[in-house]
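First the structure, in the form of structure tokens, and then the observations on it.
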Amino acid sequence: MAPAGNPPTHDNDATSNRFKNYYSGMVTARHRLVRPLVIITLVAFFLQQILTNFTSVLDGGPFYGMTWAYIYAFALFFLVVILTTFYRSRMDRAEATLRPAELDPTSTHYDDSNQWDQHERLLETEEEQRDLLDRQAHGDEQSGGRA
Amino acid sequence: MSIESAVVFTILVCVTLGITYWAGKRNKSVESHLVAGGHITGRRNGVAIAGDFISAATFLGTTGAIALGGFNGFYLAVYIPIAYLLCLLLVAEPLRNLGHFTLGDVLATRFRGDGVRGAIATSSVVVSLLYMVAQFVGAALVIKLLFGIPYWWAALAIGILTTVYTLFGGMLATTYIQIIKTALLLTCGALLLVLVLIKFGWNPLSIFQQVSEASDGAALEPARKGAAAQWEQFSLIFGVTLGVLGLPHVMIRFLTVKDGAAARTSAVTAIWIFAIFLITLPFLSYGAVLLVGKDAITKASGGGNLTMPLLSENVGGPLLLAFVSAVAFATILAALSGLVIATTGSISHDLYSKLLKKGQVDHGKQLLVARIATVSSAVVAMLIALAAQQQNVAFLATLAIAVAASANLPALLFTIYWRRATAMGVAWGMVAGLVVAVLIILLSPTFRGGEAILPISSPGLISIPVGFLVMYLVSLATQPRGEALVEADQLFDRIRVQAVTGIDPGDPDDKLYPSKRVADRRTT
């Protein structure tokens, strides 16, 4: 399967400009989110590894036999879920705001795979009809030329 | 094997074979065989990804490691959601937007020669086969213990079922078997947690308190057994965390969805499932220690692999034991099926179709070769597993993940993100990462016992930086000049657009390219 989306047609500058805005907007959104989130994740995780492996600061605990090491480990699970949800909501919002509908109507606008399949079939039918018309026109030209 | 086990086992096999039959009718093309035609929805793919990575090693091995090893065993669960978060942030969307069938396709969008595709394809086959053999041997041993059947029967049953699923059902059957397995696993985990909590008055902290008292606090605190063991632990976790981002059978799951947004949904769904399931493991493991006893767990299996089955028998009787055993069996089959498909893609698409035949292969022939590769991969792994019954093959899984982290991950990241990466740099970096990982394991206590030259067996801490460093230095040393530099810049801009938007902008002379201005400046 080819990567999702049809190559944009750059028949006019407006389409090209909208695509450029979409691309640069998505790059900016990704840069703003990805760098800090990767740094937070790596620091939080490897700090836990270093503190538990090479120091005793997370030994012992506050209540019920629970150690600081376990509290930190459980907190990492919550951190991951929070960062994941935050990243997804921001990227989905950026994509919904920036993506020009005419560039790729089949890609992000169908959550349901049946709708996607229907659209694919429609596009295939349209393509077949265009091919048929092309062949007919080409055949007419050839027969006209021979005549 | 008890009657309960036989009944649950038969139902499970019938359901999975039914799925294979259903998927087989739709599995008529290379696209459907290798990536399910890209028609899996984001959520379903996320559930399948979760199923892929919560393998028997996690379900049975990690619970055993926590029960017997205390807090240190939990390291093997904590890294998984972290690794997938990094995967979501760095790799998932670009991979979907650039890839087609394999990791080789992603690298080939930028580096057009055969060298880079050949290197990543070879590395992918090696990683998947090593991982598959390790899983196969471990799975056969677990099935032998669970059902009380001879090892070779277990290996044969696993091998035949895996071959049938993947040969006829392809990626579609593999995906839905993963989804069913994940649903069963979550049900099983929830059931066990409820039954354990009933025994402890619905107070999860009571489990921790009682374990702490029984072990004088040792079970809940990190164990530090000397510098070598501490560095070994750190290197292992460092390697497996980054290794996830280079494992072919994990990464190709992102190629089964339609676009980057669906890839994002897949990763998010998988992370939620990991977080919910893995956070319960200490409660189940310590519950098993208190209810079953550490001695009984050790007696049943040295590594504690039967902790969950023993706990289920204790709290739910033979029926729950049969259910847990069937879930363990489904877990093994699903994980192996994913590995077979990953190996198949690299052999049939990268090595045969693209490198050997230069892309000049018709559709039917590609599908035929893919199916031959499917059978060959499963049979080779099964034969090695049968021959290696008495061998300790646990190091193969470590080696596979180390190679994935040291060779595949730097190649993927440099291809997607670094403008100055060159084909030569990527190829040499992969070779360096792979060679260093293998060398360290050959010189480690795993191979040389007391005469080991190096004190650690997990190569990640050394081989991953070496892979990145060699890729960086060789790329700097082999920078293109003149026209070649302009072309390389334009191609990088082109794949950046595709990686971010999912749209290939096509002709490099188009106005879309930001670097067109750079190129113009350089040529004038």
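Residue names in the structure tokens use chain letters A, B, ... in the order shown, residue numbers from 1 in each chain, and ligand numbers from 1 in the order shown.
Excluding segment 331-336 of chain B itself and any same-chain residue fewer than 6 positions from it, the protein and nucleic acid residues within 7 Å of it, counting only C-alpha atoms, are Asp52, Ser55, Ala56, Met132, Ala139, Ile158, Thr162, Thr174, Ile177, Gln178 and Lys181 of chain B.
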Kindly save the residues from that selection, with N, CA and C atoms included, as an mmCIF file, in the first residue's frame.
```cif
data_model
loop_
_atom_site.group_PDB
_atom_site.id
_atom_site.type_symbol
_atom_site.label_atom_id
_atom_site.label_comp_id
_atom_site.auth_asym_id
_atom_site.auth_seq_id
_atom_site.Cartn_x
_atom_site.Cartn_y
_atom_site.Cartn_z
ATOM 1 N N ASP B 52 1.517 -8.293 20.910
ATOM 2 C CA ASP B 52 2.842 -8.663 20.396
ATOM 3 C C ASP B 52 3.895 -8.588 21.481
ATOM 4 N N SER B 55 4.488 -10.868 25.728
ATOM 5 C CA SER B 55 4.728 -12.253 25.302
ATOM 6 C C SER B 55 4.737 -13.163 26.528
ATOM 7 N N ALA B 56 5.050 -14.435 26.268
ATOM 8 C CA ALA B 56 5.161 -15.391 27.386
ATOM 9 C C ALA B 56 6.246 -14.935 28.354
ATOM 10 N N MET B 132 13.108 -15.385 17.419
ATOM 11 C CA MET B 132 12.143 -16.461 17.222
ATOM 12 C C MET B 132 12.628 -17.764 17.869
ATOM 13 N N ALA B 139 9.124 -21.210 24.766
ATOM 14 C CA ALA B 139 7.710 -21.569 24.668
ATOM 15 C C ALA B 139 7.516 -23.079 24.792
ATOM 16 N N ILE B 158 3.606 -26.188 18.431
ATOM 17 C CA ILE B 158 3.756 -24.733 18.258
ATOM 18 C C ILE B 158 4.160 -24.417 16.815
ATOM 19 N N THR B 162 1.789 -22.334 14.235
ATOM 20 C CA THR B 162 2.317 -21.031 13.784
ATOM 21 C C THR B 162 2.408 -20.993 12.259
ATOM 22 N N THR B 174 -2.732 -13.088 11.868
ATOM 23 C CA THR B 174 -1.822 -12.803 12.986
ATOM 24 C C THR B 174 -2.371 -11.664 13.843
ATOM 25 N N ILE B 177 -5.491 -12.807 15.813
ATOM 26 C CA ILE B 177 -5.102 -13.740 16.885
ATOM 27 C C ILE B 177 -4.455 -12.946 18.032
ATOM 28 N N GLN B 178 -3.663 -11.941 17.678
ATOM 29 C CA GLN B 178 -3.076 -11.071 18.710
ATOM 30 C C GLN B 178 -4.168 -10.359 19.502
ATOM 31 N N LYS B 181 -5.848 -12.781 21.788
ATOM 32 C CA LYS B 181 -4.918 -13.125 22.861
ATOM 33 C C LYS B 181 -4.838 -11.991 23.899
#
```
| message | Please list as a PyMOL selection string every residue within 8 Å of segment 409-426 of chain B, counting only C-alpha atoms and excluding residues in the same chain fewer than 6 positions away. | response | chain B and resi 90-91+94+106-107+110-111+113+115-116+242-243+245-246+467-468+470-476+478-479+489+492+495-496+499
Selected residues written out, N, CA and C atoms, as an mmCIF file, in the first residue's frame:
```cif
data_model
loop_
_atom_site.group_PDB
_atom_site.id
_atom_site.type_symbol
_atom_site.label_atom_id
_atom_site.label_comp_id
_atom_site.auth_asym_id
_atom_site.auth_seq_id
_atom_site.Cartn_x
_atom_site.Cartn_y
_atom_site.Cartn_z
ATOM 1 N N LEU B 90 9.120 9.274 18.333
ATOM 2 C CA LEU B 90 10.224 9.357 17.373
ATOM 3 C C LEU B 90 10.009 8.583 16.070
ATOM 4 N N VAL B 91 9.349 7.450 16.142
ATOM 5 C CA VAL B 91 9.407 6.537 14.999
ATOM 6 C C VAL B 91 8.056 6.220 14.356
ATOM 7 N N PRO B 94 6.575 8.684 11.289
ATOM 8 C CA PRO B 94 7.442 8.684 10.107
ATOM 9 C C PRO B 94 7.555 7.309 9.466
ATOM 10 N N VAL B 106 11.745 1.903 4.351
ATOM 11 C CA VAL B 106 11.916 3.228 4.958
ATOM 12 C C VAL B 106 13.292 3.776 4.586
ATOM 13 N N LEU B 107 14.318 2.950 4.752
ATOM 14 C CA LEU B 107 15.680 3.409 4.449
ATOM 15 C C LEU B 107 15.868 3.624 2.949
ATOM 16 N N ARG B 110 15.331 6.979 1.083
ATOM 17 C CA ARG B 110 16.388 7.999 1.072
ATOM 18 C C ARG B 110 17.676 7.488 0.423
ATOM 19 N N PHE B 111 18.039 6.239 0.717
ATOM 20 C CA PHE B 111 19.305 5.692 0.191
ATOM 21 C C PHE B 111 18.968 4.650 -0.867
ATOM 22 N N GLY B 113 20.681 2.922 -3.173
ATOM 23 C CA GLY B 113 21.502 1.773 -3.551
ATOM 24 C C GLY B 113 21.064 0.499 -2.821
ATOM 25 N N GLY B 115 23.056 -1.370 -0.967
ATOM 26 C CA GLY B 115 23.817 -1.617 0.256
ATOM 27 C C GLY B 115 23.010 -1.441 1.527
ATOM 28 N N VAL B 116 22.323 -0.300 1.644
ATOM 29 C CA VAL B 116 21.594 -0.004 2.881
ATOM 30 C C VAL B 116 20.409 -0.948 3.033
ATOM 31 N N LEU B 242 15.740 0.745 24.199
ATOM 32 C CA LEU B 242 15.979 1.297 22.860
ATOM 33 C C LEU B 242 15.785 0.224 21.787
ATOM 34 N N GLY B 243 15.981 -1.039 22.171
ATOM 35 C CA GLY B 243 15.857 -2.140 21.208
ATOM 36 C C GLY B 243 14.453 -2.278 20.652
ATOM 37 N N LEU B 245 12.553 -0.067 19.650
ATOM 38 C CA LEU B 245 12.394 0.836 18.506
ATOM 39 C C LEU B 245 13.068 0.306 17.236
ATOM 40 N N GLY B 246 13.786 -0.804 17.369
ATOM 41 C CA GLY B 246 14.436 -1.362 16.174
ATOM 42 C C GLY B 246 14.012 -2.785 15.880
ATOM 43 N N GLY B 467 27.296 2.100 17.575
ATOM 44 C CA GLY B 467 26.510 2.154 16.331
ATOM 45 C C GLY B 467 26.242 3.595 15.912
ATOM 46 N N PHE B 468 25.785 4.418 16.871
ATOM 47 C CA PHE B 468 25.484 5.829 16.572
ATOM 48 C C PHE B 468 26.755 6.581 16.170
ATOM 49 N N VAL B 470 29.733 5.490 14.986
ATOM 50 C CA VAL B 470 30.308 5.104 13.683
ATOM 51 C C VAL B 470 29.449 5.677 12.555
ATOM 52 N N MET B 471 28.119 5.611 12.717
ATOM 53 C CA MET B 471 27.231 6.160 11.690
ATOM 54 C C MET B 471 27.491 7.663 11.513
ATOM 55 N N TYR B 472 27.692 8.358 12.631
ATOM 56 C CA TYR B 472 27.925 9.800 12.597
ATOM 57 C C TYR B 472 29.256 10.123 11.925
ATOM 58 N N LEU B 473 30.330 9.433 12.357
ATOM 59 C CA LEU B 473 31.668 9.750 11.846
ATOM 60 C C LEU B 473 31.809 9.387 10.371
ATOM 61 N N VAL B 474 31.326 8.190 9.990
ATOM 62 C CA VAL B 474 31.455 7.785 8.581
ATOM 63 C C VAL B 474 30.604 8.694 7.697
ATOM 64 N N SER B 475 29.435 9.094 8.192
ATOM 65 C CA SER B 475 28.610 10.029 7.400
ATOM 66 C C SER B 475 29.346 11.346 7.180
ATOM 67 N N LEU B 476 29.995 11.867 8.234
ATOM 68 C CA LEU B 476 30.742 13.120 8.081
ATOM 69 C C LEU B 476 31.895 12.958 7.103
ATOM 70 N N THR B 478 32.046 10.969 4.581
ATOM 71 C CA THR B 478 31.649 10.624 3.206
ATOM 72 C C THR B 478 30.588 11.583 2.677
ATOM 73 N N GLN B 479 30.692 12.857 3.056
ATOM 74 C CA GLN B 479 29.710 13.842 2.607
ATOM 75 C C GLN B 479 29.782 14.038 1.095
ATOM 76 N N ASP B 489 20.329 16.814 -0.572
ATOM 77 C CA ASP B 489 19.514 17.761 0.192
ATOM 78 C C ASP B 489 18.065 17.710 -0.255
ATOM 79 N N PHE B 492 16.425 14.581 0.927
ATOM 80 C CA PHE B 492 16.131 14.621 2.363
ATOM 81 C C PHE B 492 14.877 15.454 2.614
ATOM 82 N N ILE B 495 11.830 13.415 1.712
ATOM 83 C CA ILE B 495 11.365 12.405 2.669
ATOM 84 C C ILE B 495 10.902 13.050 3.978
ATOM 85 N N ARG B 496 11.422 14.248 4.292
ATOM 86 C CA ARG B 496 10.917 14.938 5.486
ATOM 87 C C ARG B 496 9.438 15.305 5.298
ATOM 88 N N ALA B 499 7.551 12.081 5.536
ATOM 89 C CA ALA B 499 7.546 11.541 6.904
ATOM 90 C C ALA B 499 6.559 12.293 7.791
#
```
| request: Using only C-alpha atoms, select each residue of chain B with any atom at most 6 Å away from an atom of chain A, and give the selection as a PyMOL selection string. | output: chain B and resi 89+97+208-209+212+221-222+230+259+275+502-505
Skipping near chain neighbours, those fewer than 2 positions away, what residues fall within 12 Å of Ala300 of chain B using only C-alpha atoms, listed as a compact mmCIF listing (two decimals) with N, CA and C atoms, in the first residue's frame?
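File written: selection.txt
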```txt
# COMPACT_ATOMS: atom_id res chain seq x y z
N GLY B 64 7.41 -14.22 37.35
CA GLY B 64 8.33 -15.10 38.08
C GLY B 64 9.52 -14.33 38.62
N VAL B 142 7.89 -24.11 28.35
CA VAL B 142 6.74 -23.72 29.17
C VAL B 142 5.54 -24.63 28.89
N LEU B 145 5.97 -27.90 30.54
CA LEU B 145 5.66 -27.84 31.97
C LEU B 145 4.16 -27.70 32.24
N LEU B 146 3.50 -26.85 31.42
CA LEU B 146 2.08 -26.57 31.65
C LEU B 146 1.20 -27.79 31.39
N VAL B 292 1.04 -19.07 47.48
CA VAL B 292 1.62 -20.35 47.02
C VAL B 292 2.92 -20.67 47.78
N GLY B 293 3.70 -19.65 48.02
CA GLY B 293 4.99 -19.85 48.71
C GLY B 293 6.15 -19.85 47.72
N LYS B 294 7.25 -19.21 48.14
CA LYS B 294 8.42 -19.08 47.26
C LYS B 294 9.02 -20.45 46.92
N ASP B 295 9.01 -21.34 47.90
CA ASP B 295 9.61 -22.66 47.69
C ASP B 295 8.84 -23.43 46.62
N ALA B 296 7.51 -23.38 46.70
CA ALA B 296 6.70 -24.10 45.71
C ALA B 296 6.93 -23.53 44.30
N ILE B 297 7.08 -22.20 44.22
CA ILE B 297 7.31 -21.57 42.91
C ILE B 297 8.66 -22.02 42.35
N THR B 298 9.69 -22.01 43.20
CA THR B 298 11.03 -22.40 42.76
C THR B 298 11.05 -23.88 42.39
N GLY B 302 12.63 -23.40 38.02
CA GLY B 302 13.74 -22.66 38.62
C GLY B 302 13.63 -21.15 38.45
N GLY B 303 13.22 -20.71 37.26
CA GLY B 303 13.16 -19.27 36.98
C GLY B 303 11.86 -18.62 37.44
N GLY B 304 10.95 -19.40 38.01
CA GLY B 304 9.67 -18.85 38.47
C GLY B 304 8.65 -18.70 37.35
N ASN B 305 8.89 -19.38 36.20
CA ASN B 305 7.99 -19.21 35.05
C ASN B 305 6.58 -19.71 35.30
N LEU B 306 6.40 -20.55 36.31
CA LEU B 306 5.06 -21.09 36.55
C LEU B 306 4.34 -20.36 37.70
N THR B 307 4.81 -19.16 38.03
CA THR B 307 4.18 -18.40 39.10
C THR B 307 2.69 -18.16 38.83
N MET B 308 2.38 -17.69 37.62
CA MET B 308 0.98 -17.38 37.29
C MET B 308 0.10 -18.64 37.27
N PRO B 309 0.54 -19.73 36.60
CA PRO B 309 -0.29 -20.94 36.65
C PRO B 309 -0.50 -21.45 38.09
N LEU B 310 0.54 -21.39 38.93
CA LEU B 310 0.39 -21.86 40.31
C LEU B 310 -0.59 -20.97 41.08
N LEU B 311 -0.49 -19.66 40.85
CA LEU B 311 -1.40 -18.73 41.53
C LEU B 311 -2.84 -18.99 41.08
```
| For Ala65 of chain B: contacts at 12 Å, only C-alpha atoms, fewer than 2 positions along chain excluded, given as JSON, numbers by chain | {"B": [57, 58, 59, 60, 61, 62, 63, 67, 68, 69, 70, 71, 72, 73, 74, 75, 76, 77, 219, 281, 282, 284, 285, 286, 288, 289, 294, 297, 298, 301, 302, 303, 304, 305, 306, 307, 308]}
| query | What lies within 10 Å of Asp105 of chain B using only C-alpha atoms, ignoring chain neighbours under 6 positions off, as an MDAnalysis selection string? | reply | chainID B and resid 95 98:99 111:112 117 120:121 346 349:350 354
Write to file, as a PDB file, in the first residue's frame, the residues of the selection just made, with N, CA and C atoms.
```pdb
ATOM      1  N   LEU B  95       7.604   6.285  10.309  1.00  0.00           N
ATOM      2  CA  LEU B  95       7.731   4.919   9.781  1.00  0.00           C
ATOM      3  C   LEU B  95       6.520   4.580   8.922  1.00  0.00           C
ATOM      4  N   LEU B  98       6.565   6.592   5.621  1.00  0.00           N
ATOM      5  CA  LEU B  98       7.622   6.280   4.652  1.00  0.00           C
ATOM      6  C   LEU B  98       7.618   4.817   4.231  1.00  0.00           C
ATOM      7  N   GLY B  99       7.130   3.943   5.092  1.00  0.00           N
ATOM      8  CA  GLY B  99       7.287   2.506   4.854  1.00  0.00           C
ATOM      9  C   GLY B  99       6.201   1.912   3.993  1.00  0.00           C
ATOM     10  N   PHE B 111      18.039   6.239   0.717  1.00  0.00           N
ATOM     11  CA  PHE B 111      19.305   5.692   0.191  1.00  0.00           C
ATOM     12  C   PHE B 111      18.968   4.650  -0.867  1.00  0.00           C
ATOM     13  N   ARG B 112      19.146   5.038  -2.133  1.00  0.00           N
ATOM     14  CA  ARG B 112      18.583   4.248  -3.221  1.00  0.00           C
ATOM     15  C   ARG B 112      19.402   3.003  -3.581  1.00  0.00           C
ATOM     16  N   ARG B 117      19.670  -1.171   1.922  1.00  0.00           N
ATOM     17  CA  ARG B 117      18.526  -2.086   2.018  1.00  0.00           C
ATOM     18  C   ARG B 117      19.011  -3.490   2.389  1.00  0.00           C
ATOM     19  N   ILE B 120      19.944  -3.570   6.213  1.00  0.00           N
ATOM     20  CA  ILE B 120      18.809  -3.582   7.155  1.00  0.00           C
ATOM     21  C   ILE B 120      17.999  -4.873   6.992  1.00  0.00           C
ATOM     22  N   ALA B 121      17.929  -5.392   5.754  1.00  0.00           N
ATOM     23  CA  ALA B 121      17.181  -6.647   5.546  1.00  0.00           C
ATOM     24  C   ALA B 121      17.886  -7.800   6.252  1.00  0.00           C
ATOM     25  N   SER B 346      11.147  -9.407   5.182  1.00  0.00           N
ATOM     26  CA  SER B 346      12.526  -9.056   4.848  1.00  0.00           C
ATOM     27  C   SER B 346      13.084  -9.996   3.778  1.00  0.00           C
ATOM     28  N   HIS B 349      10.421  -9.593   0.329  1.00  0.00           N
ATOM     29  CA  HIS B 349      10.314  -8.266  -0.280  1.00  0.00           C
ATOM     30  C   HIS B 349      11.690  -7.622  -0.483  1.00  0.00           C
ATOM     31  N   ASP B 350      12.500  -7.567   0.604  1.00  0.00           N
ATOM     32  CA  ASP B 350      13.785  -6.865   0.497  1.00  0.00           C
ATOM     33  C   ASP B 350      14.817  -7.696  -0.261  1.00  0.00           C
ATOM     34  N   LYS B 354      13.435  -6.999  -4.173  1.00  0.00           N
ATOM     35  CA  LYS B 354      14.123  -5.732  -4.443  1.00  0.00           C
ATOM     36  C   LYS B 354      15.602  -5.916  -4.772  1.00  0.00           C
TER      37      LYS B 354
END
```
Looking only at helix (DSSP H, G or I) from DSSP on the backbone, list the matching residues of segment 237-419 of chain B as a CSV table (one decimal) with C-alpha atoms, in the first residue's frame.
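The resulting file, result_17.csv, is reproduced below:
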```
chain,number,residue,atom,x,y,z
B,237,ILE,CA,17.4,-2.2,30.5
B,238,PHE,CA,19.2,0.5,28.4
B,239,GLY,CA,19.4,-2.0,25.6
B,240,VAL,CA,15.9,-3.4,25.7
B,241,THR,CA,14.3,0.0,26.0
B,242,LEU,CA,16.0,1.3,22.9
B,243,GLY,CA,15.9,-2.1,21.2
B,244,VAL,CA,12.1,-2.0,21.0
B,245,LEU,CA,12.4,0.8,18.5
B,246,GLY,CA,14.4,-1.4,16.2
B,248,PRO,CA,11.3,-5.5,13.0
B,249,HIS,CA,8.2,-7.5,14.2
B,250,VAL,CA,7.2,-4.6,16.4
B,251,MET,CA,7.9,-1.8,13.9
B,252,ILE,CA,6.1,-3.5,10.9
B,253,ARG,CA,2.9,-3.4,12.9
B,254,PHE,CA,2.8,0.4,12.2
B,255,LEU,CA,2.6,-0.4,8.5
B,256,THR,CA,-0.7,-2.2,8.9
B,260,GLY,CA,0.2,8.5,10.5
B,261,ALA,CA,-2.8,9.5,12.6
B,262,ALA,CA,-3.8,5.8,12.8
B,263,ALA,CA,-0.2,4.9,13.8
B,264,ARG,CA,-0.5,7.4,16.6
B,265,THR,CA,-3.7,5.9,17.8
B,266,SER,CA,-2.1,2.4,17.6
B,267,ALA,CA,0.8,3.5,19.9
B,268,VAL,CA,-1.5,5.3,22.3
B,269,THR,CA,-3.8,2.3,22.6
B,270,ALA,CA,-0.9,-0.1,23.2
B,271,ILE,CA,0.6,2.2,25.9
B,272,TRP,CA,-2.7,2.3,27.8
B,273,ILE,CA,-2.9,-1.5,27.7
B,274,PHE,CA,0.7,-1.9,28.8
B,275,ALA,CA,0.2,0.6,31.7
B,276,ILE,CA,-3.0,-1.1,32.9
B,277,PHE,CA,-1.7,-4.6,32.6
B,278,LEU,CA,1.9,-4.3,33.8
B,281,LEU,CA,2.1,-7.6,38.0
B,282,PRO,CA,3.8,-6.8,41.4
B,283,PHE,CA,0.4,-7.4,43.1
B,284,LEU,CA,-0.1,-10.7,41.4
B,285,SER,CA,3.5,-11.8,41.9
B,286,TYR,CA,3.6,-11.0,45.6
B,287,GLY,CA,0.2,-12.4,46.0
B,288,ALA,CA,1.6,-15.7,44.6
B,289,VAL,CA,4.5,-15.5,47.0
B,290,LEU,CA,2.1,-15.2,49.9
B,291,LEU,CA,-0.5,-17.7,48.8
B,294,LYS,CA,8.4,-19.1,47.3
B,295,ASP,CA,9.6,-22.7,47.7
B,296,ALA,CA,6.7,-24.1,45.7
B,297,ILE,CA,7.3,-21.6,42.9
B,298,THR,CA,11.0,-22.4,42.8
B,299,LYS,CA,10.3,-26.1,42.9
B,300,ALA,CA,7.9,-26.0,40.0
B,307,THR,CA,4.2,-18.4,39.1
B,308,MET,CA,1.0,-17.4,37.3
B,309,PRO,CA,-0.3,-20.9,36.7
B,310,LEU,CA,0.4,-21.9,40.3
B,311,LEU,CA,-1.4,-18.7,41.5
B,312,SER,CA,-4.4,-19.4,39.3
B,313,GLU,CA,-4.7,-23.0,40.6
B,314,ASN,CA,-4.5,-21.7,44.1
B,315,VAL,CA,-7.2,-19.0,43.8
B,316,GLY,CA,-9.4,-20.4,41.0
B,317,GLY,CA,-8.9,-24.2,40.9
B,318,PRO,CA,-8.3,-26.4,37.9
B,319,LEU,CA,-10.6,-24.4,35.5
B,320,LEU,CA,-8.7,-21.2,36.0
B,321,LEU,CA,-5.5,-23.1,35.7
B,322,ALA,CA,-6.7,-24.4,32.3
B,323,PHE,CA,-7.7,-20.9,31.3
B,324,VAL,CA,-4.4,-19.4,32.2
B,325,SER,CA,-2.5,-22.2,30.5
B,326,ALA,CA,-4.6,-21.7,27.3
B,327,VAL,CA,-3.8,-17.9,27.5
B,328,ALA,CA,-0.1,-18.7,27.9
B,329,PHE,CA,-0.3,-20.9,24.8
B,330,ALA,CA,-2.2,-18.3,22.8
B,331,THR,CA,0.4,-15.7,23.9
B,332,ILE,CA,3.2,-17.9,22.5
B,333,LEU,CA,1.5,-18.6,19.2
B,334,ALA,CA,0.6,-15.0,18.6
B,335,ALA,CA,4.1,-13.7,19.4
B,336,LEU,CA,5.7,-16.3,17.1
B,337,SER,CA,3.3,-15.6,14.3
B,338,GLY,CA,4.3,-11.9,14.3
B,339,LEU,CA,8.0,-12.8,14.2
B,340,VAL,CA,7.4,-15.2,11.2
B,341,ILE,CA,5.7,-12.4,9.3
B,342,ALA,CA,8.5,-10.0,10.0
B,343,THR,CA,11.1,-12.5,8.7
B,344,THR,CA,9.0,-13.3,5.7
B,345,GLY,CA,8.8,-9.6,4.7
B,346,SER,CA,12.5,-9.1,4.8
B,347,ILE,CA,13.3,-12.2,2.9
B,348,SER,CA,10.6,-12.0,0.2
B,349,HIS,CA,10.3,-8.3,-0.3
B,350,ASP,CA,13.8,-6.9,0.5
B,351,LEU,CA,16.2,-9.7,-0.3
B,352,TYR,CA,14.3,-11.5,-3.1
B,353,SER,CA,12.1,-8.9,-4.8
B,354,LYS,CA,14.1,-5.7,-4.4
B,355,LEU,CA,17.7,-6.9,-4.3
B,356,LEU,CA,17.8,-10.2,-6.2
B,363,HIS,CA,2.5,-10.0,-8.1
B,364,GLY,CA,1.7,-13.7,-8.0
B,365,LYS,CA,5.4,-14.6,-7.8
B,366,GLN,CA,5.9,-12.2,-4.9
B,367,LEU,CA,3.1,-13.8,-3.0
B,368,LEU,CA,4.4,-17.3,-3.7
B,369,VAL,CA,7.9,-16.3,-2.5
B,370,ALA,CA,6.4,-14.7,0.6
B,371,ARG,CA,4.6,-17.9,1.4
B,372,ILE,CA,7.7,-20.0,0.8
B,373,ALA,CA,9.6,-17.7,3.1
B,374,THR,CA,6.8,-18.0,5.7
B,375,VAL,CA,7.1,-21.8,5.8
B,376,SER,CA,10.9,-21.7,5.7
B,377,SER,CA,11.2,-19.3,8.6
B,378,ALA,CA,8.8,-21.2,10.8
B,379,VAL,CA,10.4,-24.6,9.9
B,380,VAL,CA,14.0,-23.3,10.4
B,381,ALA,CA,13.1,-21.9,13.8
B,382,MET,CA,11.3,-25.1,14.8
B,383,LEU,CA,14.3,-27.3,13.8
B,384,ILE,CA,16.8,-25.1,15.7
B,385,ALA,CA,14.4,-25.2,18.7
B,386,LEU,CA,14.2,-29.0,18.5
B,387,ALA,CA,18.0,-29.3,18.3
B,394,ALA,CA,18.3,-17.1,26.6
B,395,PHE,CA,21.2,-15.0,25.3
B,396,LEU,CA,19.7,-15.2,21.8
B,397,ALA,CA,16.9,-12.9,22.9
B,398,THR,CA,19.4,-10.5,24.5
B,399,LEU,CA,21.5,-10.6,21.4
B,400,ALA,CA,18.5,-10.0,19.1
B,401,ILE,CA,17.4,-6.9,21.0
B,402,ALA,CA,21.0,-5.6,21.3
B,403,VAL,CA,21.4,-5.9,17.5
B,404,ALA,CA,18.0,-4.2,16.9
B,405,ALA,CA,19.1,-1.3,19.2
B,406,SER,CA,22.7,-1.0,18.0
B,407,ALA,CA,22.1,-1.4,14.2
B,408,ASN,CA,18.4,-0.9,13.2
B,409,LEU,CA,17.6,2.0,15.6
B,410,PRO,CA,20.5,4.3,14.6
B,411,ALA,CA,19.8,3.6,10.9
B,412,LEU,CA,16.1,4.5,11.3
B,413,LEU,CA,16.7,7.7,13.3
B,414,PHE,CA,19.6,8.9,11.1
B,415,THR,CA,17.5,8.2,7.9
B,416,ILE,CA,14.5,10.1,9.2
B,417,TYR,CA,16.1,13.0,11.1
```
| Counting only C-alpha atoms, what is within 6 Å of Ala452 of chain B, bar same-chain residues fewer than 6 positions away, as a PyMOL selection string? | chain B and resi 443-445
N, CA and C atoms of the current selection, written as an mmCIF file, in the first residue's frame:
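Writing the result to again-v3.cif gives the following:
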```cif
data_model
loop_
_atom_site.group_PDB
_atom_site.id
_atom_site.type_symbol
_atom_site.label_atom_id
_atom_site.label_comp_id
_atom_site.auth_asym_id
_atom_site.auth_seq_id
_atom_site.Cartn_x
_atom_site.Cartn_y
_atom_site.Cartn_z
ATOM 1 N N LEU B 443 32.464 -12.513 24.408
ATOM 2 C CA LEU B 443 33.489 -12.349 25.457
ATOM 3 C C LEU B 443 32.883 -12.280 26.864
ATOM 4 N N SER B 444 31.569 -12.439 26.947
ATOM 5 C CA SER B 444 30.879 -12.236 28.238
ATOM 6 C C SER B 444 30.784 -13.533 29.040
ATOM 7 N N PRO B 445 30.349 -13.438 30.288
ATOM 8 C CA PRO B 445 30.170 -14.653 31.107
ATOM 9 C C PRO B 445 29.153 -15.630 30.499
#
```
| Quick one, how far is atom CA of Ile19 of chain B from atom CA of Ala50 of chain B? |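 It comes out at 19.0 Å.
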